[in-house]
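One file, structure.csv, carrying CSV, C-alpha atoms:
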```
chain,number,residue,atom,x,y,z
A,21,GLU,CA,-37.0,-19.0,-1.5
A,22,THR,CA,-35.6,-22.5,-1.4
A,23,GLY,CA,-34.2,-24.0,-4.6
A,24,VAL,CA,-34.5,-27.5,-5.8
A,25,THR,CA,-32.7,-30.0,-3.6
A,26,GLN,CA,-31.7,-33.6,-4.3
A,27,SER,CA,-30.4,-36.5,-2.2
A,28,PRO,CA,-28.1,-38.2,-2.0
A,29,THR,CA,-25.4,-36.3,-3.8
A,30,HIS,CA,-23.4,-39.5,-4.6
A,31,LEU,CA,-24.3,-43.2,-4.7
A,32,ILE,CA,-22.5,-46.4,-5.6
A,33,LYS,CA,-24.5,-49.5,-6.3
A,34,THR,CA,-23.8,-52.9,-8.0
A,35,ARG,CA,-25.6,-54.4,-11.0
A,36,GLY,CA,-29.0,-55.8,-10.2
A,37,GLN,CA,-29.6,-53.6,-7.2
A,38,GLN,CA,-32.4,-51.0,-6.8
A,39,VAL,CA,-32.0,-47.3,-6.1
A,40,THR,CA,-34.2,-44.5,-4.9
A,41,LEU,CA,-33.3,-40.9,-5.6
A,42,ARG,CA,-35.1,-38.0,-4.0
A,43,CYS,CA,-36.0,-34.4,-5.0
A,44,SER,CA,-37.7,-31.5,-3.3
A,45,SER,CA,-39.1,-28.9,-5.7
A,46,GLN,CA,-38.5,-25.2,-5.5
A,47,SER,CA,-41.0,-23.4,-3.3
A,48,GLY,CA,-44.3,-22.7,-5.3
A,49,HIS,CA,-43.5,-25.3,-8.0
A,50,ASN,CA,-45.9,-28.2,-8.5
A,51,THR,CA,-44.2,-30.0,-11.5
A,52,VAL,CA,-41.1,-32.1,-11.3
A,53,SER,CA,-39.2,-33.6,-14.2
A,54,TRP,CA,-36.3,-36.1,-14.1
A,55,TYR,CA,-33.4,-36.3,-16.4
A,56,GLN,CA,-30.4,-38.6,-16.9
A,57,GLN,CA,-27.1,-37.0,-18.0
A,58,ALA,CA,-24.4,-39.4,-19.1
A,59,LEU,CA,-20.8,-38.2,-19.2
A,60,GLY,CA,-20.3,-35.8,-22.2
A,61,GLN,CA,-24.0,-35.8,-23.1
A,62,GLY,CA,-26.9,-33.4,-22.6
A,63,PRO,CA,-29.6,-34.4,-20.1
A,64,GLN,CA,-32.2,-37.0,-21.4
A,65,PHE,CA,-35.8,-36.6,-20.3
A,66,ILE,CA,-37.0,-39.6,-18.2
A,67,PHE,CA,-40.5,-38.4,-17.1
A,68,GLN,CA,-42.5,-35.6,-15.5
A,69,TYR,CA,-44.9,-35.5,-12.6
A,70,TYR,CA,-47.7,-33.1,-12.1
A,71,ARG,CA,-50.3,-33.3,-9.4
A,72,GLU,CA,-48.9,-36.7,-8.4
A,73,GLU,CA,-49.5,-38.2,-11.9
A,74,GLU,CA,-47.0,-39.1,-14.6
A,75,ASN,CA,-47.3,-36.4,-17.3
A,76,GLY,CA,-45.1,-37.5,-20.1
A,77,ARG,CA,-42.3,-40.0,-20.4
A,78,GLY,CA,-39.1,-40.3,-22.4
A,79,ASN,CA,-37.5,-43.5,-23.9
A,80,PHE,CA,-36.7,-45.2,-20.7
A,81,PRO,CA,-37.7,-48.8,-19.8
A,82,PRO,CA,-40.3,-49.5,-17.1
A,83,ARG,CA,-37.7,-50.3,-14.5
A,84,PHE,CA,-37.4,-46.5,-14.2
A,85,SER,CA,-40.4,-45.4,-12.2
A,86,GLY,CA,-41.3,-42.4,-10.1
A,87,LEU,CA,-43.7,-40.9,-7.6
A,88,GLN,CA,-44.8,-37.4,-6.6
A,89,PHE,CA,-46.1,-36.7,-3.2
A,90,PRO,CA,-48.7,-34.2,-2.0
A,91,ASN,CA,-46.0,-31.7,-1.0
A,92,TYR,CA,-44.7,-31.9,-4.7
A,93,SER,CA,-41.5,-33.7,-3.7
A,94,SER,CA,-40.6,-36.6,-5.9
A,95,GLU,CA,-38.7,-39.9,-6.1
A,96,LEU,CA,-37.0,-41.7,-8.9
A,97,ASN,CA,-36.7,-45.5,-8.6
A,98,VAL,CA,-34.5,-47.6,-10.8
A,99,ASN,CA,-34.8,-51.4,-10.5
A,100,ALA,CA,-32.3,-54.0,-11.7
A,101,LEU,CA,-29.5,-51.6,-12.2
A,102,GLU,CA,-27.3,-51.9,-15.2
A,103,LEU,CA,-23.8,-50.5,-15.8
A,104,ASP,CA,-25.2,-48.0,-18.3
A,105,ASP,CA,-27.4,-46.5,-15.6
A,106,SER,CA,-24.2,-44.8,-14.3
A,107,ALA,CA,-24.9,-41.1,-14.8
A,108,LEU,CA,-25.9,-37.8,-13.2
A,109,TYR,CA,-29.6,-37.8,-12.4
A,110,LEU,CA,-31.1,-34.3,-12.4
A,111,CYS,CA,-34.4,-33.2,-11.1
A,112,ALA,CA,-36.0,-30.0,-12.3
A,113,SER,CA,-39.1,-28.2,-11.0
A,114,SER,CA,-41.4,-25.7,-12.6
A,115,SER,CA,-44.6,-23.9,-11.8
A,116,GLN,CA,-48.0,-24.5,-13.3
A,117,GLY,CA,-48.1,-21.2,-15.1
A,118,SER,CA,-44.7,-21.8,-16.7
A,119,ARG,CA,-44.0,-25.5,-17.0
A,120,GLU,CA,-41.4,-25.1,-19.7
A,121,THR,CA,-39.1,-23.0,-17.5
A,122,GLN,CA,-37.5,-25.7,-15.4
A,123,TYR,CA,-35.1,-25.0,-12.6
A,124,PHE,CA,-32.6,-27.8,-11.8
A,125,GLY,CA,-31.2,-29.3,-8.6
A,126,PRO,CA,-27.6,-30.2,-8.1
A,127,GLY,CA,-28.1,-33.8,-9.2
A,128,THR,CA,-27.3,-37.3,-7.8
A,129,ARG,CA,-24.2,-38.9,-9.2
A,130,LEU,CA,-24.9,-42.7,-9.5
A,131,LEU,CA,-22.1,-45.2,-10.2
A,132,VAL,CA,-23.1,-48.8,-10.9
A,133,LEU,CA,-20.3,-51.3,-10.6
B,26,GLU,CA,-37.1,-38.1,-34.0
B,27,ASP,CA,-36.5,-34.9,-32.0
B,28,LYS,CA,-33.1,-33.5,-32.4
B,29,VAL,CA,-31.1,-30.6,-31.0
B,30,VAL,CA,-27.6,-30.0,-32.3
B,31,GLN,CA,-25.1,-27.6,-30.8
B,32,SER,CA,-21.9,-26.2,-32.3
B,33,PRO,CA,-19.1,-26.0,-31.7
B,34,LEU,CA,-18.8,-28.8,-29.1
B,35,SER,CA,-15.8,-27.2,-27.6
B,36,LEU,CA,-14.3,-23.7,-27.7
B,37,VAL,CA,-11.2,-22.2,-26.2
B,38,VAL,CA,-10.9,-18.4,-26.1
B,39,HIS,CA,-9.0,-15.6,-24.2
B,40,GLU,CA,-10.5,-13.3,-21.8
B,41,GLY,CA,-12.1,-10.3,-23.5
B,42,ASP,CA,-13.0,-12.3,-26.7
B,43,THR,CA,-16.6,-12.5,-27.9
B,44,VAL,CA,-18.1,-15.9,-28.6
B,45,THR,CA,-21.2,-17.1,-30.5
B,46,LEU,CA,-22.7,-20.5,-29.6
B,47,ASN,CA,-25.1,-22.1,-32.0
B,48,CYS,CA,-28.1,-24.3,-31.5
B,49,SER,CA,-30.3,-25.9,-34.2
B,50,TYR,CA,-33.4,-27.9,-33.5
B,51,GLU,CA,-36.0,-30.2,-35.1
B,52,VAL,CA,-38.7,-30.9,-32.5
B,53,THR,CA,-42.3,-31.7,-33.0
B,54,ASN,CA,-44.8,-29.5,-31.2
B,55,PHE,CA,-42.1,-26.9,-30.5
B,56,ARG,CA,-43.0,-24.3,-27.8
B,57,SER,CA,-39.8,-22.5,-26.8
B,58,LEU,CA,-36.0,-22.7,-26.5
B,59,LEU,CA,-34.0,-22.5,-23.3
B,60,TRP,CA,-30.4,-21.9,-22.6
B,61,TYR,CA,-28.6,-23.1,-19.5
B,62,LYS,CA,-25.1,-22.8,-18.1
B,63,GLN,CA,-23.7,-25.9,-16.4
B,64,GLU,CA,-20.6,-25.4,-14.3
B,65,LYS,CA,-20.4,-28.5,-12.1
B,66,LYS,CA,-23.7,-30.2,-11.7
B,67,ALA,CA,-26.9,-28.1,-11.7
B,68,PRO,CA,-27.7,-26.4,-15.1
B,69,THR,CA,-28.6,-22.8,-14.2
B,70,PHE,CA,-31.3,-21.1,-16.3
B,71,LEU,CA,-30.2,-18.3,-18.6
B,72,PHE,CA,-32.9,-17.5,-21.2
B,73,MET,CA,-36.2,-18.7,-22.5
B,74,LEU,CA,-37.0,-17.7,-26.1
B,75,THR,CA,-40.5,-18.1,-27.6
B,76,SER,CA,-40.7,-15.4,-30.3
B,77,SER,CA,-38.5,-15.1,-33.4
B,78,GLY,CA,-36.2,-12.1,-33.8
B,79,ILE,CA,-36.5,-10.7,-30.3
B,80,GLU,CA,-33.2,-10.5,-28.6
B,81,LYS,CA,-33.0,-11.3,-24.9
B,82,LYS,CA,-30.1,-9.7,-22.9
B,83,SER,CA,-28.6,-10.2,-19.5
B,84,GLY,CA,-25.4,-8.4,-18.9
B,85,ARG,CA,-22.8,-9.6,-21.4
B,86,LEU,CA,-25.0,-12.5,-22.5
B,87,SER,CA,-27.6,-12.2,-25.2
B,88,SER,CA,-29.7,-14.7,-27.3
B,89,ILE,CA,-32.0,-14.8,-30.2
B,90,LEU,CA,-34.3,-17.3,-31.8
B,91,ASP,CA,-35.1,-17.8,-35.5
B,92,LYS,CA,-38.2,-20.0,-35.8
B,93,LYS,CA,-38.2,-20.1,-39.6
B,94,GLU,CA,-34.6,-21.4,-39.8
B,95,LEU,CA,-35.0,-23.4,-36.5
B,96,PHE,CA,-31.9,-22.1,-34.7
B,97,SER,CA,-30.8,-20.0,-31.9
B,98,ILE,CA,-27.5,-18.3,-30.9
B,99,LEU,CA,-26.1,-17.3,-27.6
B,100,ASN,CA,-23.6,-14.5,-27.6
B,101,ILE,CA,-21.2,-13.7,-24.8
B,102,THR,CA,-19.2,-10.5,-25.1
B,103,ALA,CA,-16.0,-9.5,-23.2
B,104,THR,CA,-15.7,-13.1,-21.9
B,105,GLN,CA,-14.3,-13.7,-18.4
B,106,THR,CA,-12.8,-16.8,-16.8
B,107,GLY,CA,-16.0,-17.2,-14.8
B,108,ASP,CA,-17.8,-17.8,-18.1
B,109,SER,CA,-16.0,-21.2,-18.5
B,110,ALA,CA,-18.7,-23.8,-18.4
B,111,ILE,CA,-20.8,-26.1,-20.6
B,112,TYR,CA,-23.7,-24.2,-22.3
B,113,LEU,CA,-26.7,-26.3,-22.9
B,114,CYS,CA,-29.5,-25.5,-25.4
B,115,ALA,CA,-32.9,-27.2,-24.9
B,116,ALA,CA,-36.0,-27.2,-27.1
B,117,VAL,CA,-39.3,-27.5,-25.3
B,118,ARG,CA,-41.7,-30.1,-26.7
B,119,GLY,CA,-45.3,-29.7,-25.6
B,120,SER,CA,-45.3,-28.6,-21.9
B,121,GLU,CA,-43.3,-31.4,-20.4
B,122,LYS,CA,-40.2,-32.4,-22.3
B,123,LEU,CA,-37.0,-30.6,-22.7
B,124,VAL,CA,-34.8,-32.0,-25.6
B,125,PHE,CA,-31.2,-31.1,-24.9
B,126,GLY,CA,-28.2,-30.8,-27.2
B,127,LYS,CA,-24.9,-32.2,-26.1
B,128,GLY,CA,-23.7,-28.8,-25.0
B,129,THR,CA,-20.8,-26.5,-25.9
B,130,LYS,CA,-17.8,-26.6,-23.6
B,131,LEU,CA,-16.4,-23.1,-23.3
B,132,THR,CA,-13.0,-22.5,-21.8
B,133,VAL,CA,-11.9,-18.9,-21.2
B,134,ASN,CA,-8.2,-18.5,-20.5
B,135,PRO,CA,-6.8,-15.5,-18.7
```

For the file at hand, write its structure as C-alpha cells.
Amino acid sequence: ETGVTQSPTHLIKTRGQQVTLRCSSQSGHNTVSWYQQALGQGPQFIFQYYREEENGRGNFPPRFSGLQFPNYSSELNVNALELDDSALYLCASSSQGSRETQYFGPGTRLLVL
Amino acid sequence: EDKVVQSPLSLVVHEGDTVTLNCSYEVTNFRSLLWYKQEKKAPTFLFMLTSSGIEKKSGRLSSILDKKELFSILNITATQTGDSAIYLCAAVRGSEKLVFGKGTKLTVNP
C-alpha cells in the first residue's frame, strides 16, 4: 500500500510569484485535504477535494486554489505569493467511508523571499 | 470560532516517566477527536476518538475523550527517547475539516 506522497519537498520563491504543489493520495483514498502549518503552529485547514469538487474551505483567500484529478491526486496553487505564505504545506488523504481519519504526506516546505 | 487548546505547550521528562497531554476543544458540529505524532514533517495518526469514556490503547499510549467536558487526554507510560515529538490534537468538524491545536512538544531525555 502506497502512502501519501508530495512534491516537491522544498521550494524557494519570491514575493508575487506563483507556486503549484502536488499530492498523490494513499491507495484507495478518494478525498484530499490541504493544510498550511506555520512554524510553531498546528496545521490550518485550507480546503478539501472529493470527487474532483471542492468540499469545504477554511479562511484562506481566493489566491489559494486547488484541483483534484480523476486518479484522486491533487494540486494546490498559490498566486501572488506573500512572505507570510512561507510554511509547511501538508496534504492528507482519507477514504469515503472514513473521511475524518486523514493520513498525511511528508509536506512541502515553501520559503517566500 | 472553532478552538482547540493543548497543554502544556512544552514538556521535558526523563526516560521511564509517565506523561499526560491535554486537549480541550470548542468546535461546532463536532464529530470526533484525533491525535497525531509529528516528528519531522508528516503527522502520523495515533487515535480517533468518537465516544465518551472509552479508552483507546496502543502499546504504551492511551487516550480518552470526555464529550461532556469537551476534552481529551493522551497518556504515554514508560516514555522512551523515541517518543520525543510534537503531539497534535485535532477536532473533526463535519466530515471535512480538522481543527488543530498548536501541539505539545515532548522531549524525553535519557

List the neighbours of region 64-73 of chain B out to 8 Å using all atoms listed in the file; skip same-chain residues closer than 2 positions along the sequence, and give me the result as a PDB file with C-alpha atoms, in the coordinates of the input.
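What ended up in out-v6.pdb:
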```pdb
ATOM      1  CA  LEU A 110     -31.100 -34.300 -12.400  1.00  0.00           C
ATOM      2  CA  THR A 121     -39.100 -23.000 -17.500  1.00  0.00           C
ATOM      3  CA  GLN A 122     -37.500 -25.700 -15.400  1.00  0.00           C
ATOM      4  CA  TYR A 123     -35.100 -25.000 -12.600  1.00  0.00           C
ATOM      5  CA  PHE A 124     -32.600 -27.800 -11.800  1.00  0.00           C
ATOM      6  CA  GLY A 125     -31.200 -29.300  -8.600  1.00  0.00           C
ATOM      7  CA  PRO A 126     -27.600 -30.200  -8.100  1.00  0.00           C
ATOM      8  CA  GLY A 127     -28.100 -33.800  -9.200  1.00  0.00           C
TER       9      GLY A 127
ATOM     10  CA  SER B  57     -39.800 -22.500 -26.800  1.00  0.00           C
ATOM     11  CA  LEU B  58     -36.000 -22.700 -26.500  1.00  0.00           C
ATOM     12  CA  LEU B  59     -34.000 -22.500 -23.300  1.00  0.00           C
ATOM     13  CA  TRP B  60     -30.400 -21.900 -22.600  1.00  0.00           C
ATOM     14  CA  TYR B  61     -28.600 -23.100 -19.500  1.00  0.00           C
ATOM     15  CA  LYS B  62     -25.100 -22.800 -18.100  1.00  0.00           C
ATOM     16  CA  THR B  75     -40.500 -18.100 -27.600  1.00  0.00           C
ATOM     17  CA  LYS B  81     -33.000 -11.300 -24.900  1.00  0.00           C
ATOM     18  CA  SER B  88     -29.700 -14.700 -27.300  1.00  0.00           C
ATOM     19  CA  SER B 109     -16.000 -21.200 -18.500  1.00  0.00           C
ATOM     20  CA  ALA B 110     -18.700 -23.800 -18.400  1.00  0.00           C
ATOM     21  CA  ILE B 111     -20.800 -26.100 -20.600  1.00  0.00           C
ATOM     22  CA  LEU B 113     -26.700 -26.300 -22.900  1.00  0.00           C
TER      23      LEU B 113
END
```

Show me which bits of chain A are within 12 Å of chain B, counting only C-alpha atoms, as a PDB file with C-alpha atoms, keeping the file's coordinate frame.
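After the write, iface.pdb holds the following:
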```
ATOM      1  CA  GLY A  23     -34.200 -24.000  -4.600  1.00  0.00           C
ATOM      2  CA  VAL A  24     -34.500 -27.500  -5.800  1.00  0.00           C
ATOM      3  CA  THR A  25     -32.700 -30.000  -3.600  1.00  0.00           C
ATOM      4  CA  GLN A  26     -31.700 -33.600  -4.300  1.00  0.00           C
ATOM      5  CA  THR A  29     -25.400 -36.300  -3.800  1.00  0.00           C
ATOM      6  CA  HIS A  30     -23.400 -39.500  -4.600  1.00  0.00           C
ATOM      7  CA  THR A  51     -44.200 -30.000 -11.500  1.00  0.00           C
ATOM      8  CA  VAL A  52     -41.100 -32.100 -11.300  1.00  0.00           C
ATOM      9  CA  SER A  53     -39.200 -33.600 -14.200  1.00  0.00           C
ATOM     10  CA  TRP A  54     -36.300 -36.100 -14.100  1.00  0.00           C
ATOM     11  CA  TYR A  55     -33.400 -36.300 -16.400  1.00  0.00           C
ATOM     12  CA  GLN A  56     -30.400 -38.600 -16.900  1.00  0.00           C
ATOM     13  CA  GLN A  57     -27.100 -37.000 -18.000  1.00  0.00           C
ATOM     14  CA  ALA A  58     -24.400 -39.400 -19.100  1.00  0.00           C
ATOM     15  CA  LEU A  59     -20.800 -38.200 -19.200  1.00  0.00           C
ATOM     16  CA  GLY A  60     -20.300 -35.800 -22.200  1.00  0.00           C
ATOM     17  CA  GLN A  61     -24.000 -35.800 -23.100  1.00  0.00           C
ATOM     18  CA  GLY A  62     -26.900 -33.400 -22.600  1.00  0.00           C
ATOM     19  CA  PRO A  63     -29.600 -34.400 -20.100  1.00  0.00           C
ATOM     20  CA  GLN A  64     -32.200 -37.000 -21.400  1.00  0.00           C
ATOM     21  CA  PHE A  65     -35.800 -36.600 -20.300  1.00  0.00           C
ATOM     22  CA  ILE A  66     -37.000 -39.600 -18.200  1.00  0.00           C
ATOM     23  CA  PHE A  67     -40.500 -38.400 -17.100  1.00  0.00           C
ATOM     24  CA  GLN A  68     -42.500 -35.600 -15.500  1.00  0.00           C
ATOM     25  CA  TYR A  69     -44.900 -35.500 -12.600  1.00  0.00           C
ATOM     26  CA  TYR A  70     -47.700 -33.100 -12.100  1.00  0.00           C
ATOM     27  CA  GLU A  74     -47.000 -39.100 -14.600  1.00  0.00           C
ATOM     28  CA  ASN A  75     -47.300 -36.400 -17.300  1.00  0.00           C
ATOM     29  CA  GLY A  76     -45.100 -37.500 -20.100  1.00  0.00           C
ATOM     30  CA  ARG A  77     -42.300 -40.000 -20.400  1.00  0.00           C
ATOM     31  CA  GLY A  78     -39.100 -40.300 -22.400  1.00  0.00           C
ATOM     32  CA  ASN A  79     -37.500 -43.500 -23.900  1.00  0.00           C
ATOM     33  CA  ALA A 107     -24.900 -41.100 -14.800  1.00  0.00           C
ATOM     34  CA  LEU A 108     -25.900 -37.800 -13.200  1.00  0.00           C
ATOM     35  CA  TYR A 109     -29.600 -37.800 -12.400  1.00  0.00           C
ATOM     36  CA  LEU A 110     -31.100 -34.300 -12.400  1.00  0.00           C
ATOM     37  CA  CYS A 111     -34.400 -33.200 -11.100  1.00  0.00           C
ATOM     38  CA  ALA A 112     -36.000 -30.000 -12.300  1.00  0.00           C
ATOM     39  CA  SER A 113     -39.100 -28.200 -11.000  1.00  0.00           C
ATOM     40  CA  SER A 114     -41.400 -25.700 -12.600  1.00  0.00           C
ATOM     41  CA  SER A 115     -44.600 -23.900 -11.800  1.00  0.00           C
ATOM     42  CA  GLN A 116     -48.000 -24.500 -13.300  1.00  0.00           C
ATOM     43  CA  GLY A 117     -48.100 -21.200 -15.100  1.00  0.00           C
ATOM     44  CA  SER A 118     -44.700 -21.800 -16.700  1.00  0.00           C
ATOM     45  CA  ARG A 119     -44.000 -25.500 -17.000  1.00  0.00           C
ATOM     46  CA  GLU A 120     -41.400 -25.100 -19.700  1.00  0.00           C
ATOM     47  CA  THR A 121     -39.100 -23.000 -17.500  1.00  0.00           C
ATOM     48  CA  GLN A 122     -37.500 -25.700 -15.400  1.00  0.00           C
ATOM     49  CA  TYR A 123     -35.100 -25.000 -12.600  1.00  0.00           C
ATOM     50  CA  PHE A 124     -32.600 -27.800 -11.800  1.00  0.00           C
ATOM     51  CA  GLY A 125     -31.200 -29.300  -8.600  1.00  0.00           C
ATOM     52  CA  PRO A 126     -27.600 -30.200  -8.100  1.00  0.00           C
ATOM     53  CA  GLY A 127     -28.100 -33.800  -9.200  1.00  0.00           C
ATOM     54  CA  THR A 128     -27.300 -37.300  -7.800  1.00  0.00           C
ATOM     55  CA  ARG A 129     -24.200 -38.900  -9.200  1.00  0.00           C
TER      56      ARG A 129
END
```

Using all atoms listed in the file, which of B:Val133, B:Leu95, B:Leu86, B:Ile101 sits nearest Glu40 (chain B)?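 Ranking B:Val133, B:Leu95, B:Leu86, B:Ile101 by distance to Glu40 (chain B), first place goes to B:Val133.
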
So how many Å separate CA of Glu95 (chain A) and CA of Gln37 (chain A), to one decimal?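 Atom-to-atom, CA of Glu95 (chain A) and CA of Gln37 (chain A) are spaced 16.5 Å apart.
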
Close residues, Asp105 (chain A) itself excluded, 12 Å, all atoms listed in the file, min 5 positions apart in chain, as a short mmCIF file (atom, residue, chain, number, x, y, z; two decimals) with C-alpha atoms, in the frame of the given file:
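Wrote it out as out14.cif, contents follow:
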```cif
data_model
loop_
_atom_site.label_atom_id
_atom_site.label_comp_id
_atom_site.auth_asym_id
_atom_site.auth_seq_id
_atom_site.Cartn_x
_atom_site.Cartn_y
_atom_site.Cartn_z
CA LEU A 31 -24.30 -43.20 -4.70
CA ILE A 32 -22.50 -46.40 -5.60
CA LYS A 33 -24.50 -49.50 -6.30
CA THR A 34 -23.80 -52.90 -8.00
CA ARG A 35 -25.60 -54.40 -11.00
CA GLY A 36 -29.00 -55.80 -10.20
CA GLN A 37 -29.60 -53.60 -7.20
CA GLN A 38 -32.40 -51.00 -6.80
CA VAL A 39 -32.00 -47.30 -6.10
CA TYR A 55 -33.40 -36.30 -16.40
CA GLN A 56 -30.40 -38.60 -16.90
CA GLN A 57 -27.10 -37.00 -18.00
CA ALA A 58 -24.40 -39.40 -19.10
CA LEU A 59 -20.80 -38.20 -19.20
CA PHE A 80 -36.70 -45.20 -20.70
CA PRO A 81 -37.70 -48.80 -19.80
CA ARG A 83 -37.70 -50.30 -14.50
CA PHE A 84 -37.40 -46.50 -14.20
CA ASN A 97 -36.70 -45.50 -8.60
CA VAL A 98 -34.50 -47.60 -10.80
CA ASN A 99 -34.80 -51.40 -10.50
CA ALA A 100 -32.30 -54.00 -11.70
CA ARG A 129 -24.20 -38.90 -9.20
CA LEU A 130 -24.90 -42.70 -9.50
CA LEU A 131 -22.10 -45.20 -10.20
CA VAL A 132 -23.10 -48.80 -10.90
CA LEU A 133 -20.30 -51.30 -10.60
#
```

In Å, with one decimal, what is the gap from CA of Ile98 (chain B) to CA of Ser49 (chain B)?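 Between these atoms lies a distance of 8.7 Å.
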
Set the distance at 10 Å and use only C-alpha atoms: which residues neighbour Phe96 (chain B) once local chain neighbours fewer than 5 positions away are removed? I'd like the list as a PyMOL selection string. chain B and resi 29-31+47-51+58+77+89-91

Between CA of Asn100 (chain B) and CA of Val44 (chain B), what is the distance, to one decimal in Å?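 Between CA of Asn100 (chain B) and CA of Val44 (chain B) the gap is 5.8 Å.
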